[in-house]
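Participant: If it helps, the file is called entry22.cif and holds mmCIF, C-alpha atoms and all ligand atoms:
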data_start
#
loop_
_atom_site.label_atom_id
_atom_site.label_comp_id
_atom_site.auth_asym_id
_atom_site.auth_seq_id
_atom_site.Cartn_x
_atom_site.Cartn_y
_atom_site.Cartn_z
CA MET A 49 -21.17 -10.02 23.53
CA LEU A 50 -21.95 -12.78 21.08
CA THR A 51 -23.05 -10.32 18.40
CA GLN A 52 -20.34 -7.77 19.03
CA ALA A 53 -17.03 -7.81 17.20
CA PRO A 54 -14.00 -7.69 19.51
CA ARG A 55 -12.97 -4.20 20.61
CA GLY A 56 -10.77 -2.41 18.12
CA THR A 57 -11.91 -4.45 15.12
CA ARG A 58 -14.16 -3.35 12.26
CA ASP A 59 -16.27 -5.16 9.73
CA VAL A 60 -16.17 -4.04 6.14
CA LEU A 61 -19.82 -4.23 5.10
CA PRO A 62 -21.04 -5.34 1.68
CA THR A 63 -22.33 -1.80 1.26
CA GLU A 64 -18.86 -0.29 1.65
CA SER A 65 -16.45 -2.92 0.37
CA TYR A 66 -16.31 -1.18 -3.03
CA ARG A 67 -14.34 1.58 -1.33
CA TRP A 68 -11.71 -0.92 -0.24
CA GLN A 69 -11.62 -2.55 -3.64
CA TYR A 70 -11.12 0.83 -5.26
CA LEU A 71 -8.15 1.56 -3.02
CA GLU A 72 -6.70 -1.89 -3.50
CA GLU A 73 -6.87 -1.49 -7.25
CA ARG A 74 -5.10 1.87 -7.12
CA MET A 75 -2.44 0.41 -4.84
CA ARG A 76 -1.84 -2.62 -7.04
CA LYS A 77 -1.44 -0.38 -10.05
CA ALA A 78 0.95 1.97 -8.29
CA ALA A 79 3.10 -0.93 -7.09
CA ALA A 80 3.10 -2.64 -10.48
CA LEU A 81 4.18 0.59 -12.20
CA ALA A 82 7.44 0.39 -10.30
CA GLY A 83 7.95 -3.34 -10.75
CA PHE A 84 6.76 -4.54 -7.34
CA ARG A 85 5.05 -7.92 -7.26
CA GLU A 86 2.68 -9.19 -4.61
CA VAL A 87 3.79 -11.40 -1.74
CA ARG A 88 1.37 -13.11 0.65
CA THR A 89 2.72 -14.31 3.95
CA PRO A 90 0.90 -15.96 6.85
CA VAL A 91 -1.14 -13.98 9.34
CA PHE A 92 0.94 -15.45 12.16
CA GLU A 93 4.65 -16.12 12.57
CA HIS A 94 6.93 -17.49 15.27
CA THR A 95 7.10 -14.90 18.04
CA GLU A 96 10.88 -15.01 17.91
CA LEU A 97 10.82 -13.39 14.46
CA PHE A 98 9.32 -10.21 15.87
CA LEU A 99 11.45 -10.21 19.01
CA ARG A 100 14.55 -10.29 16.82
CA GLY A 101 13.21 -8.32 13.90
CA VAL A 102 11.05 -5.59 15.34
CA GLY A 103 13.09 -5.37 18.53
CA ASP A 104 12.23 -6.07 22.14
CA THR A 105 12.47 -2.47 23.28
CA THR A 106 9.75 -1.24 20.96
CA ASP A 107 6.17 -0.44 21.98
CA ILE A 108 4.96 -3.04 19.54
CA VAL A 109 6.87 -5.87 21.18
CA GLN A 110 6.61 -4.62 24.73
CA LYS A 111 2.93 -3.81 24.78
CA GLU A 112 1.06 -4.53 21.62
CA MET A 113 1.59 -8.08 20.33
CA TYR A 114 -1.11 -10.73 20.17
CA THR A 115 0.99 -13.65 21.31
CA PHE A 116 -0.25 -17.09 22.26
CA GLN A 117 0.91 -20.63 22.76
CA ASP A 118 -0.41 -23.01 20.08
CA LYS A 119 -1.36 -26.61 20.80
CA GLY A 120 2.19 -27.70 19.96
CA GLU A 121 3.44 -25.27 22.63
CA ARG A 122 5.09 -22.96 20.15
CA SER A 123 4.88 -19.27 20.79
CA ILE A 124 2.97 -17.70 17.92
CA THR A 125 2.25 -14.03 17.23
CA LEU A 126 -0.30 -12.44 14.95
CA LYS A 127 1.58 -10.13 12.56
CA PRO A 128 2.11 -6.74 14.25
CA GLU A 129 3.73 -5.36 11.07
CA GLY A 130 4.51 -6.65 7.60
CA THR A 131 8.23 -6.31 7.05
CA ALA A 132 9.58 -9.08 9.28
CA GLY A 133 7.33 -11.66 7.62
CA ALA A 134 8.36 -10.49 4.16
CA ALA A 135 12.05 -10.69 5.13
CA ARG A 136 11.57 -14.15 6.60
CA CYS A 137 9.89 -15.23 3.36
CA LEU A 138 12.72 -13.80 1.28
CA ILE A 139 15.28 -15.81 3.23
CA GLU A 140 13.29 -19.02 3.36
CA SER A 141 12.37 -19.00 -0.32
CA GLY A 142 15.88 -18.23 -1.52
CA LEU A 143 14.57 -15.23 -3.48
CA PHE A 144 17.53 -13.22 -2.20
CA ALA A 145 19.78 -15.30 -4.48
CA GLU A 146 17.98 -14.15 -7.64
CA ALA A 147 18.49 -10.90 -9.49
CA LEU A 148 18.26 -8.05 -7.03
CA PRO A 149 16.56 -5.95 -5.95
CA CYS A 150 13.68 -8.16 -4.96
CA LYS A 151 10.68 -5.85 -4.98
CA MET A 152 7.52 -7.02 -3.27
CA TYR A 153 4.32 -5.59 -1.93
CA TYR A 154 1.55 -6.81 0.30
CA LEU A 155 -1.95 -5.55 0.09
CA ASN A 156 -4.68 -5.47 2.66
CA ALA A 157 -2.53 -7.47 5.06
CA PRO A 158 -4.22 -7.68 8.47
CA ILE A 159 -2.01 -6.26 11.20
CA PHE A 160 -2.71 -6.86 14.89
CA ARG A 161 -1.69 -4.57 17.72
CA TYR A 162 -3.12 -4.47 21.20
CA GLU A 163 -3.61 -0.72 21.26
CA ASN A 164 -6.04 1.60 22.93
CA PRO A 165 -8.75 1.81 20.30
CA GLN A 166 -9.59 5.35 19.20
CA SER A 167 -10.10 7.23 15.98
CA GLY A 168 -7.62 5.89 13.43
CA ARG A 169 -6.26 3.36 15.89
CA LEU A 170 -7.55 -0.18 15.72
CA ARG A 171 -6.48 -3.53 17.12
CA GLU A 172 -6.79 -5.08 13.71
CA HIS A 173 -5.94 -2.80 10.81
CA HIS A 174 -4.81 -3.41 7.24
CA GLN A 175 -1.70 -2.31 5.46
CA PHE A 176 -0.45 -1.85 1.96
CA GLY A 177 3.29 -2.29 2.22
CA LEU A 178 6.25 -2.23 -0.13
CA GLU A 179 9.63 -3.82 0.45
CA CYS A 180 12.67 -3.49 -1.76
CA PHE A 181 15.39 -5.96 -0.79
CA GLY A 182 18.97 -5.72 -2.00
CA ALA A 183 18.99 -2.03 -2.92
CA LYS A 184 21.44 0.18 -1.11
CA GLU A 185 21.15 3.33 -3.22
CA ALA A 186 19.17 6.33 -2.02
CA THR A 187 17.20 6.20 -5.26
CA ALA A 188 15.42 3.16 -3.78
CA ASP A 189 14.40 5.16 -0.69
CA ALA A 190 13.22 8.02 -2.88
CA GLU A 191 11.30 5.74 -5.21
CA LEU A 192 9.22 4.46 -2.30
CA ILE A 193 8.53 7.91 -0.90
CA LEU A 194 7.45 9.12 -4.32
CA LEU A 195 5.27 6.10 -4.91
CA ALA A 196 3.43 6.64 -1.63
CA PHE A 197 3.18 10.37 -2.18
CA HIS A 198 1.80 10.12 -5.70
CA LEU A 199 -0.60 7.34 -4.79
CA LEU A 200 -2.15 9.50 -2.08
CA GLU A 201 -2.03 12.64 -4.13
CA ASP A 202 -3.71 10.90 -7.09
CA LEU A 203 -6.45 9.75 -4.73
CA GLY A 204 -7.11 13.43 -4.15
CA ILE A 205 -5.55 13.82 -0.71
CA LYS A 206 -4.22 17.31 -0.19
CA ASN A 207 -1.91 18.90 2.36
CA LEU A 208 0.30 15.88 2.37
CA SER A 209 3.63 16.46 3.94
CA VAL A 210 6.58 14.18 3.52
CA GLU A 211 8.77 14.14 6.60
CA ILE A 212 12.17 12.55 6.43
CA ASN A 213 14.99 11.90 8.82
CA SER A 214 18.09 9.76 9.11
CA ILE A 215 18.70 7.72 12.22
CA GLY A 216 22.17 6.66 11.15
CA CYS A 217 23.73 3.24 11.22
CA PRO A 218 25.58 1.06 13.72
CA ASN A 219 28.71 3.13 13.03
CA CYS A 220 27.34 6.49 14.02
CA ARG A 221 24.35 5.74 16.17
CA PRO A 222 26.27 4.75 19.32
CA ALA A 223 27.70 8.27 19.54
CA TYR A 224 24.22 9.64 19.22
CA HIS A 225 22.87 7.24 21.82
CA LYS A 226 25.50 8.59 24.16
CA ALA A 227 24.67 12.22 23.42
CA LEU A 228 20.97 11.56 23.84
CA LYS A 229 21.52 9.63 27.04
CA ASP A 230 23.59 12.43 28.49
CA TYR A 231 20.77 14.80 27.66
CA LEU A 232 18.06 12.51 29.05
CA ALA A 233 20.00 11.53 32.17
CA ASP A 234 19.45 15.01 33.60
CA ARG A 235 15.74 14.63 32.97
CA PHE A 236 15.46 10.94 33.80
CA ASP A 237 12.92 11.28 36.62
CA GLY A 238 10.52 13.13 34.35
CA LEU A 239 10.35 10.32 31.76
CA CYS A 240 7.50 7.81 31.69
CA ASP A 241 8.03 4.30 33.10
CA THR A 242 8.44 2.76 29.66
CA CYS A 243 11.10 5.26 28.58
CA ARG A 244 12.97 4.86 31.84
CA GLY A 245 12.87 1.10 31.35
CA ARG A 246 14.42 1.26 27.88
CA PHE A 247 16.72 4.18 28.61
CA ASP A 248 19.86 2.06 28.64
CA ARG A 249 19.26 -0.09 25.64
CA ASN A 250 17.25 2.18 23.42
CA PRO A 251 17.08 5.85 24.43
CA LEU A 252 15.95 6.78 20.91
CA ARG A 253 12.49 5.50 21.77
CA ALA A 254 11.92 8.50 24.03
CA LEU A 255 11.74 10.71 20.93
CA ASP A 256 8.89 8.58 19.62
CA CYS A 257 7.03 8.27 22.92
CA LYS A 258 3.36 9.25 22.81
CA GLU A 259 3.42 10.50 26.46
CA LYS A 260 3.12 14.25 26.69
CA ARG A 261 5.79 14.59 29.37
CA CYS A 262 8.34 12.66 27.30
CA GLN A 263 7.54 14.80 24.28
CA GLU A 264 8.05 17.94 26.36
CA LEU A 265 11.29 16.71 27.89
CA THR A 266 12.81 15.71 24.59
CA LYS A 267 11.92 18.93 22.81
CA ASP A 268 15.47 20.23 22.74
CA ALA A 269 17.20 16.87 22.56
CA PRO A 270 20.28 16.63 20.32
CA SER A 271 19.63 15.66 16.72
CA MET A 272 20.98 12.53 15.09
CA LEU A 273 21.55 14.56 11.93
CA ASP A 274 24.44 16.38 13.62
CA LEU A 275 26.23 13.11 14.26
CA LEU A 276 25.77 11.10 11.09
CA CYS A 277 28.86 9.38 9.72
CA ASP A 278 30.03 10.33 6.22
CA GLU A 279 28.26 7.45 4.56
CA CYS A 280 24.89 8.14 6.24
CA CYS A 281 25.27 11.85 5.62
CA ASP A 282 25.96 11.23 1.98
CA HIS A 283 23.00 8.85 1.68
CA PHE A 284 20.69 11.43 3.24
CA ALA A 285 21.96 14.12 0.88
CA ARG A 286 21.37 11.90 -2.15
CA LEU A 287 17.87 11.08 -0.99
CA GLN A 288 17.10 14.78 -0.79
CA GLU A 289 18.55 15.33 -4.21
CA CYS A 290 16.13 12.74 -5.64
CA LEU A 291 13.16 14.27 -3.86
CA ALA A 292 14.13 17.71 -5.10
CA THR A 293 14.52 16.41 -8.65
CA ALA A 294 11.06 14.90 -8.46
CA GLY A 295 9.78 18.21 -7.20
CA ILE A 296 7.80 16.99 -4.23
CA PRO A 297 7.68 19.03 -1.03
CA TYR A 298 9.40 17.46 1.94
CA ARG A 299 10.51 18.50 5.38
CA ILE A 300 13.33 17.24 7.54
CA ASN A 301 11.99 16.25 10.94
CA SER A 302 14.74 15.02 13.22
CA ARG A 303 12.22 13.68 15.73
CA ILE A 304 11.00 10.89 13.51
CA VAL A 305 12.60 7.69 14.74
CA ARG A 306 9.76 5.24 13.96
CA GLY A 307 8.42 2.57 16.22
CA LEU A 308 10.55 -0.31 15.06
CA ASP A 309 14.13 -1.10 15.90
CA TYR A 310 15.22 -2.34 12.51
CA TYR A 311 15.52 1.01 10.81
CA THR A 312 18.85 2.43 9.65
CA LYS A 313 19.57 5.65 7.78
CA THR A 314 16.37 6.90 6.15
CA VAL A 315 13.08 7.01 8.03
CA PHE A 316 10.04 8.81 6.72
CA GLU A 317 6.39 9.50 7.31
CA LEU A 318 3.61 10.91 5.20
CA VAL A 319 1.48 13.12 7.35
CA THR A 320 -1.68 15.10 6.71
CA GLU A 321 -3.53 17.65 8.76
CA THR A 322 -7.14 16.80 9.56
CA LYS A 323 -9.58 18.72 11.69
CA ASP A 324 -8.68 16.42 14.60
CA GLY A 325 -4.95 17.04 14.29
CA SER A 326 -2.22 15.46 12.25
CA LEU A 327 -2.52 11.91 11.03
CA THR A 328 0.27 9.66 9.80
CA VAL A 329 -0.92 7.60 6.86
CA CYS A 330 2.32 6.01 5.85
CA GLY A 331 5.58 5.22 7.59
CA GLY A 332 8.71 3.55 6.41
CA GLY A 333 12.41 3.58 6.08
CA ARG A 334 15.59 1.71 5.41
CA TYR A 335 16.43 -1.45 7.30
CA ASP A 336 19.85 -2.55 6.16
CA ASN A 337 20.41 -4.98 9.03
CA LEU A 338 17.08 -6.72 9.41
CA VAL A 339 17.66 -9.58 6.98
CA GLU A 340 20.95 -10.48 8.62
CA GLN A 341 19.51 -10.00 12.09
CA ILE A 342 16.86 -12.66 11.52
CA GLY A 343 19.29 -15.17 10.05
CA GLY A 344 19.84 -14.25 6.41
CA GLN A 345 22.82 -12.75 4.65
CA ALA A 346 23.53 -9.03 4.92
CA LEU A 347 21.12 -7.35 2.54
CA PRO A 348 20.24 -3.66 2.48
CA ALA A 349 16.54 -2.95 2.13
CA VAL A 350 13.92 -0.27 2.35
CA GLY A 351 10.14 -0.32 2.72
CA PHE A 352 6.98 1.31 3.97
CA GLY A 353 3.59 0.49 5.41
CA MET A 354 0.41 2.40 4.73
CA GLY A 355 -2.77 1.92 6.73
CA LEU A 356 -5.84 1.41 4.52
CA GLU A 357 -8.24 2.49 7.25
CA ARG A 358 -6.36 5.75 7.62
CA VAL A 359 -6.36 6.41 3.88
CA LEU A 360 -10.14 5.87 3.85
CA MET A 361 -10.50 8.16 6.87
CA LEU A 362 -8.60 10.87 5.05
CA LEU A 363 -10.67 10.51 1.91
CA ASP A 364 -13.78 10.97 4.06
CA SER A 365 -12.42 13.93 5.93
CA GLU A 366 -11.50 15.63 2.67
CA GLY A 367 -14.90 14.89 1.20
CA ILE A 368 -13.49 12.74 -1.59
CA VAL A 369 -16.19 10.39 -2.83
CA ILE A 370 -15.30 7.02 -4.25
CA PRO A 371 -17.79 6.22 -7.01
CA GLU A 372 -19.98 3.27 -6.15
CA PRO A 373 -20.19 0.86 -9.06
CA PRO A 374 -23.75 -0.11 -10.00
CA ARG A 375 -24.75 -3.39 -8.46
CA TYR A 376 -27.00 -4.54 -11.28
CA ASP A 377 -27.43 -3.85 -14.97
CA ILE A 378 -30.95 -5.13 -14.70
CA PHE A 379 -33.33 -6.28 -12.01
CA LEU A 380 -36.09 -8.57 -13.26
CA THR A 381 -39.54 -8.56 -11.77
CA TYR A 382 -42.21 -11.13 -12.48
CA MET A 383 -45.80 -12.14 -11.79
CA GLY A 384 -45.90 -15.10 -9.40
CA GLU A 385 -46.32 -17.98 -11.88
CA ASN A 386 -43.61 -16.68 -14.16
CA ARG A 387 -40.89 -17.16 -11.59
CA GLN A 388 -39.22 -19.96 -13.58
CA LYS A 389 -39.13 -17.84 -16.72
CA ALA A 390 -37.55 -14.98 -14.81
CA PHE A 391 -35.07 -17.38 -13.27
CA ALA A 392 -34.09 -18.79 -16.67
CA LEU A 393 -33.63 -15.30 -18.09
CA VAL A 394 -31.53 -14.10 -15.15
CA GLU A 395 -29.29 -17.13 -15.51
CA SER A 396 -28.85 -16.67 -19.26
CA LEU A 397 -28.09 -12.97 -18.81
CA ARG A 398 -25.44 -13.76 -16.22
CA ARG A 399 -23.87 -16.23 -18.63
CA GLU A 400 -23.64 -13.31 -21.04
CA GLY A 401 -21.78 -11.25 -18.46
CA ILE A 402 -24.70 -9.06 -17.48
CA ARG A 403 -25.26 -8.28 -13.82
CA ALA A 404 -28.82 -9.43 -13.30
CA ASP A 405 -30.98 -10.47 -10.39
CA MET A 406 -34.55 -11.14 -9.35
CA ASP A 407 -36.61 -11.48 -6.21
CA HIS A 408 -35.99 -14.53 -4.02
CA CYS A 409 -38.18 -13.50 -1.11
CA GLY A 410 -41.69 -14.00 -2.44
CA ARG A 411 -42.47 -10.29 -2.80
CA SER A 412 -45.55 -9.01 -4.59
CA LEU A 413 -44.95 -7.45 -8.00
CA LYS A 414 -45.35 -4.00 -6.48
CA ALA A 415 -42.82 -4.73 -3.77
CA GLN A 416 -40.42 -6.13 -6.39
CA PHE A 417 -40.59 -2.83 -8.28
CA LYS A 418 -39.91 -0.93 -5.13
CA PHE A 419 -36.96 -3.15 -4.34
CA ALA A 420 -35.60 -2.93 -7.89
CA ASN A 421 -35.68 0.81 -7.60
CA LYS A 422 -33.81 0.70 -4.32
CA THR A 423 -31.00 -1.39 -5.80
CA GLY A 424 -30.25 1.47 -8.17
CA ALA A 425 -30.44 -0.86 -11.20
CA ARG A 426 -30.37 1.17 -14.39
CA LEU A 427 -32.88 -1.14 -16.03
CA THR A 428 -35.76 -3.16 -14.69
CA GLY A 429 -37.50 -5.95 -16.54
CA VAL A 430 -41.01 -7.29 -16.18
CA ILE A 431 -42.23 -10.73 -17.10
CA GLY A 432 -45.98 -10.48 -16.83
CA ASP A 433 -48.44 -12.91 -18.37
CA ASP A 434 -48.28 -11.34 -21.86
CA GLU A 435 -44.50 -11.42 -21.91
CA ALA A 436 -44.44 -14.98 -20.60
CA ARG A 437 -46.81 -16.06 -23.33
CA ASP A 438 -44.88 -14.26 -26.11
CA GLY A 439 -41.39 -15.16 -24.92
CA THR A 440 -40.51 -11.50 -24.31
CA VAL A 441 -39.51 -9.22 -21.46
CA LYS A 442 -40.52 -5.60 -20.98
CA ILE A 443 -37.47 -3.52 -20.17
CA ARG A 444 -37.74 -0.13 -18.56
CA ASN A 445 -34.94 2.39 -18.43
CA MET A 446 -35.11 3.90 -14.95
CA GLU A 447 -33.29 7.04 -15.98
CA ASN A 448 -35.55 8.21 -18.80
CA GLY A 449 -38.64 6.04 -18.29
CA GLU A 450 -38.46 4.51 -21.80
CA GLU A 451 -39.97 1.06 -22.16
CA SER A 452 -39.44 -1.61 -24.82
CA THR A 453 -40.66 -5.11 -25.23
CA VAL A 454 -37.78 -7.29 -26.27
CA ARG A 455 -37.59 -10.94 -27.26
CA VAL A 456 -35.94 -12.99 -24.52
CA GLN A 457 -33.20 -14.18 -26.87
CA ASP A 458 -32.37 -10.55 -27.79
CA ALA A 459 -32.42 -9.29 -24.22
CA ALA A 460 -28.68 -9.50 -23.56
CA GLU A 461 -27.83 -7.55 -26.69
CA TYR A 462 -30.51 -4.96 -25.93
CA ILE A 463 -29.29 -4.48 -22.35
CA ARG A 464 -25.72 -4.07 -23.46
CA ARG A 465 -26.73 -1.25 -25.79
CA ALA A 466 -29.36 0.37 -23.58
P1 LIG A 501 1.50 5.47 15.00
O1 LIG A 501 2.63 6.40 15.27
O2 LIG A 501 0.26 6.16 14.49
O3 LIG A 501 1.24 4.52 16.12
P2 LIG A 501 3.14 3.52 13.81
O4 LIG A 501 4.45 4.16 13.71
O5 LIG A 501 2.87 2.56 14.90
O6 LIG A 501 1.98 4.61 13.77
P3 LIG A 501 3.65 1.89 11.53
O7 LIG A 501 4.09 0.75 12.31
O8 LIG A 501 4.60 2.67 10.77
O9 LIG A 501 2.75 2.86 12.42
O10 LIG A 501 2.47 1.41 10.55
C1 LIG A 501 2.34 1.94 9.24
C2 LIG A 501 0.99 2.57 9.04
O11 LIG A 501 -0.05 1.71 9.50
C3 LIG A 501 0.75 3.84 9.84
O12 LIG A 501 1.28 4.94 9.21
C4 LIG A 501 -0.76 3.89 9.88
O13 LIG A 501 -1.28 4.36 8.66
C5 LIG A 501 -1.13 2.45 10.02
N1 LIG A 501 -1.39 2.07 11.42
C6 LIG A 501 -0.48 1.77 12.38
N2 LIG A 501 -1.07 1.41 13.54
C7 LIG A 501 -2.41 1.48 13.29
C8 LIG A 501 -3.57 1.20 14.09
N3 LIG A 501 -3.46 0.79 15.33
N4 LIG A 501 -4.78 1.37 13.51
C9 LIG A 501 -4.91 1.76 12.22
N5 LIG A 501 -3.85 2.04 11.43
C10 LIG A 501 -2.62 1.89 11.95
MG MG A 502 1.96 2.69 16.78
#
Please express what this file holds, its structure, as structure tokens.

Facilitator:
Amino acid sequence: MLTQAPRGTRDVLPTESYRWQYLEERMRKAAALAGFREVRTPVFEHTELFLRGVGDTTDIVQKEMYTFQDKGERSITLKPEGTAGAARCLIESGLFAEALPCKMYYLNAPIFRYENPQSGRLREHHQFGLECFGAKEATADAELILLAFHLLEDLGIKNLSVEINSIGCPNCRPAYHKALKDYLADRFDGLCDTCRGRFDRNPLRALDCKEKRCQELTKDAPSMLDLLCDECCDHFARLQECLATAGIPYRINSRIVRGLDYYTKTVFELVTETKDGSLTVCGGGRYDNLVEQIGGQALPAVGFGMGLERVLMLLDSEGIVIPEPPRYDIFLTYMGENRQKAFALVESLRREGIRADMDHCGRSLKAQFKFANKTGARLTGVIGDDEARDGTVKIRNMENGEESTVRVQDAAEYIRRA
């Protein structure tokens, strides 16, 4: 127990963190290309923010939040998604009053959901998310979809499909709710407990339900797309125009409703097929009412969240290898009494910006060599008695076996060129 991480959490080991850093770097670059700047918001927020923002008929709020009372008896929740916190920050900071749109991204944000842990489903996962506040045009929706698509495609992920839908707005959705309810009412007894419970207030959720029987029952449910108002219809058409202009493949999937209540108009997912079935790597959409709903002014917005663990899973399943950067430029070995000399050289090399290290465990010279080899260092150095006496170091190139004796003060220059 003591030495086991909580269920549904994962350590990122020092031996694999380079994979995360590689992704993070790609994500930062992609976001910066389109003018998004990083925002960092707290890991926890007032519970009320998610009740109002995410919506109390969603799976996230009903089943998945890590909520607790703090010592001041406030109800606190660990972030179950990134958008509500970003919107709260926008309002509180007054950023909404500056030139719009306000484009922000968060990277590697820990997200907590009490889910049933399984492949690709953790209780703590990490998201790269983009939010664009104050943009009502469909070009903003398209820009995000394209950014996510190209990021994944550039990473080498194939068979990506972009699925889009529109779930309308408060003008047209009530009519759809009614049509869907009429359809579901005849099948009410077959729905799962959760869907029955939210049938009145949020029948849309049934389309998103993970239960097999709900998926079966809703197969022929009416489509929101048939009932969109003119404005939503127009927005959806313009989004498709942008995607077509950009030349990326997309598919309309009228079953995508997304797991959060704040969405309006556009919703989308980026899905790939793996050997274990389809996997959603990225989900997002437009949320024109969220900012107002949590106490700000009316401000249209659009965003997405992408799970880093799922992107890494996909890279693995497609056999895409992230190059591991070398840990050391040089690993210095030494004969026992020359430890101080080795130490001084390692320090001076580091000051010169060279990745250098030495043994700190009291290994024999032979064991140091073995260890140096294991680190994958391109060069190894030896300070034996002769070198110590002459103020030199013998440097061996592990790739071609060449050896040179170099004066200590020239070592940095030599290593840089070797
Ligand atoms: P799903 O339908 O798979 O439950 P979701 O709709 O709950 O996904 P979002 O809230 O849209 O997911 O989160 C955005 C992205 O975060 C997802 O596309 C996925 O990549 C990732 N993600 C969501 N939940 C988890 C989880 N429990 N473990 C790992 N990654 C997750
Ligand atoms: Mg979910």

Participant: Show me, as a PDB file with C-alpha atoms, in the coordinates of the input, the residues that have an atom within 10 Å of Ser271 of chain A when counting all atoms listed in the file, minus same-chain residues fewer than 3 positions from it.

Facilitator:
ATOM      1  CA  ASN A 213      14.990  11.900   8.820  1.00  0.00           C
ATOM      2  CA  SER A 214      18.090   9.760   9.110  1.00  0.00           C
ATOM      3  CA  ILE A 215      18.700   7.720  12.220  1.00  0.00           C
ATOM      4  CA  TYR A 224      24.220   9.640  19.220  1.00  0.00           C
ATOM      5  CA  ALA A 227      24.670  12.220  23.420  1.00  0.00           C
ATOM      6  CA  LEU A 228      20.970  11.560  23.840  1.00  0.00           C
ATOM      7  CA  ASP A 268      15.470  20.230  22.740  1.00  0.00           C
ATOM      8  CA  ASP A 274      24.440  16.380  13.620  1.00  0.00           C
ATOM      9  CA  LEU A 275      26.230  13.110  14.260  1.00  0.00           C
ATOM     10  CA  LEU A 276      25.770  11.100  11.090  1.00  0.00           C
ATOM     11  CA  ASN A 301      11.990  16.250  10.940  1.00  0.00           C
ATOM     12  CA  SER A 302      14.740  15.020  13.220  1.00  0.00           C
ATOM     13  CA  ARG A 303      12.220  13.680  15.730  1.00  0.00           C
TER      14      ARG A 303
END

Participant: Which residues, written as a short mmCIF file (atom, residue, chain, number, x, y, z; two decimals) with C-alpha atoms, in the frame of the given file, have at least one atom at most 10 Å from Leu413 of chain A, with all atoms listed in the file counted and residues fewer than 3 positions away on the same chain left out?

Facilitator:
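That gives us part.cif:
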data_model
loop_
_atom_site.label_atom_id
_atom_site.label_comp_id
_atom_site.auth_asym_id
_atom_site.auth_seq_id
_atom_site.Cartn_x
_atom_site.Cartn_y
_atom_site.Cartn_z
CA THR A 381 -39.54 -8.56 -11.77
CA TYR A 382 -42.21 -11.13 -12.48
CA MET A 383 -45.80 -12.14 -11.79
CA GLY A 384 -45.90 -15.10 -9.40
CA ASP A 407 -36.61 -11.48 -6.21
CA GLY A 410 -41.69 -14.00 -2.44
CA GLN A 416 -40.42 -6.13 -6.39
CA PHE A 417 -40.59 -2.83 -8.28
CA LYS A 418 -39.91 -0.93 -5.13
CA PHE A 419 -36.96 -3.15 -4.34
CA VAL A 430 -41.01 -7.29 -16.18
CA GLY A 432 -45.98 -10.48 -16.83
#

Participant: Report as a PyMOL selection string which protein, DNA and RNA residues come within 7 Å of ligand LIG 501 (chain A), using only C-alpha atoms and all ligand atoms.

Facilitator: chain A and resi 129+161+163+168-175+306-307+328-332+353-358

Participant: Suppose you want the space between atom CA of Tyr66 of chain A and atom CA of Ala390 of chain A; what is it in Å?

Facilitator: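 Between these atoms lies a distance of 27.9 Å.
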
Participant: Fewer than 2 positions away in the same chain doesn't count, so skip those; otherwise give me all residues within 12 Å of segment 75-83 of chain A, counting only C-alpha atoms, as a count of residues only.

Facilitator: 43

Participant: Provide an axis-aligned box for all listed atoms of segment 387-394 of chain A, padding each side by 8 Å; report its centre and its edge lengths in Å to one decimal, as AutoDock Vina command-line options.

Facilitator:
--center_x -36.2 --center_y -17.0 --center_z -14.8 --size_x 25.4 --size_y 21.9 --size_z 22.5

Participant: Work out how far apart atom CA of Phe98 of chain A and atom CA of Gly343 of chain A are and give it in Å to one decimal.

Facilitator: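 Computing it gives 12.6 Å between the two atoms.
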
Participant: For Lys127 of chain A, work out the shell of residues within 8 Å, counting all atoms listed in the file and skipping chain neighbours fewer than 5 positions away, then give it as a ChimeraX atom specification.

Facilitator: /A:91-93,133,158-160

Participant: What does the distance between atom CA of Ile368 of chain A and atom CA of Met446 of chain A come to in Å, to one decimal place?

Facilitator: 26.9 Å

Participant: Which residues, written as a CSV table (one decimal) with C-alpha atoms, in the coordinates of the input, have at least one atom at most 12 Å from Gly449 of chain A, with all atoms listed in the file counted and residues fewer than 4 positions away on the same chain left out?

Facilitator:
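Saved as selection_7.csv:
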chain,number,residue,atom,x,y,z
A,426,ARG,CA,-30.4,1.2,-14.4
A,427,LEU,CA,-32.9,-1.1,-16.0
A,428,THR,CA,-35.8,-3.2,-14.7
A,443,ILE,CA,-37.5,-3.5,-20.2
A,444,ARG,CA,-37.7,-0.1,-18.6
A,445,ASN,CA,-34.9,2.4,-18.4

Participant: At a cut-off of 12 Å around the point (-45.2, -17.6, -21.9) (file coordinates), what residues fall inside when counting only C-alpha atoms? I'd like the answer as a list of chain:residue names.

Facilitator: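 Selection result: A:Tyr382, A:Met383, A:Glu385, A:Asn386, A:Arg387, A:Gln388, A:Lys389, A:Ala390, A:Ile431, A:Gly432, A:Asp433, A:Asp434, A:Glu435, A:Ala436, A:Arg437, A:Asp438, A:Gly439, A:Thr440, A:Val441, A:Arg455, A:Val456.
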
Participant: Rank nothing, just name the residue among A:Asp104, A:Glu461, A:Glu451, A:Glu185 nearest to Phe284 of chain A, using all atoms listed in the file.

Facilitator: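 Selected residue with least distance to Phe284 of chain A: A:Glu185.
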
Participant: Counting all atoms listed in the file, note down every residue that has an atom within 7 Å of the point (20.9, -1.8, 8.4) (file coordinates), as a PyMOL selection string.

Facilitator: chain A and resi 217+311-312+335-338+348

Participant: From the set A:Leu393, A:Cys281, A:Ala186, A:Ile108, which residue has the shortest atom-to-atom contact distance to ligand MG 502 (chain A), counting all atoms listed in the file?

Facilitator: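 Answer, going by the shortest atom-to-atom distance: A:Ile108.
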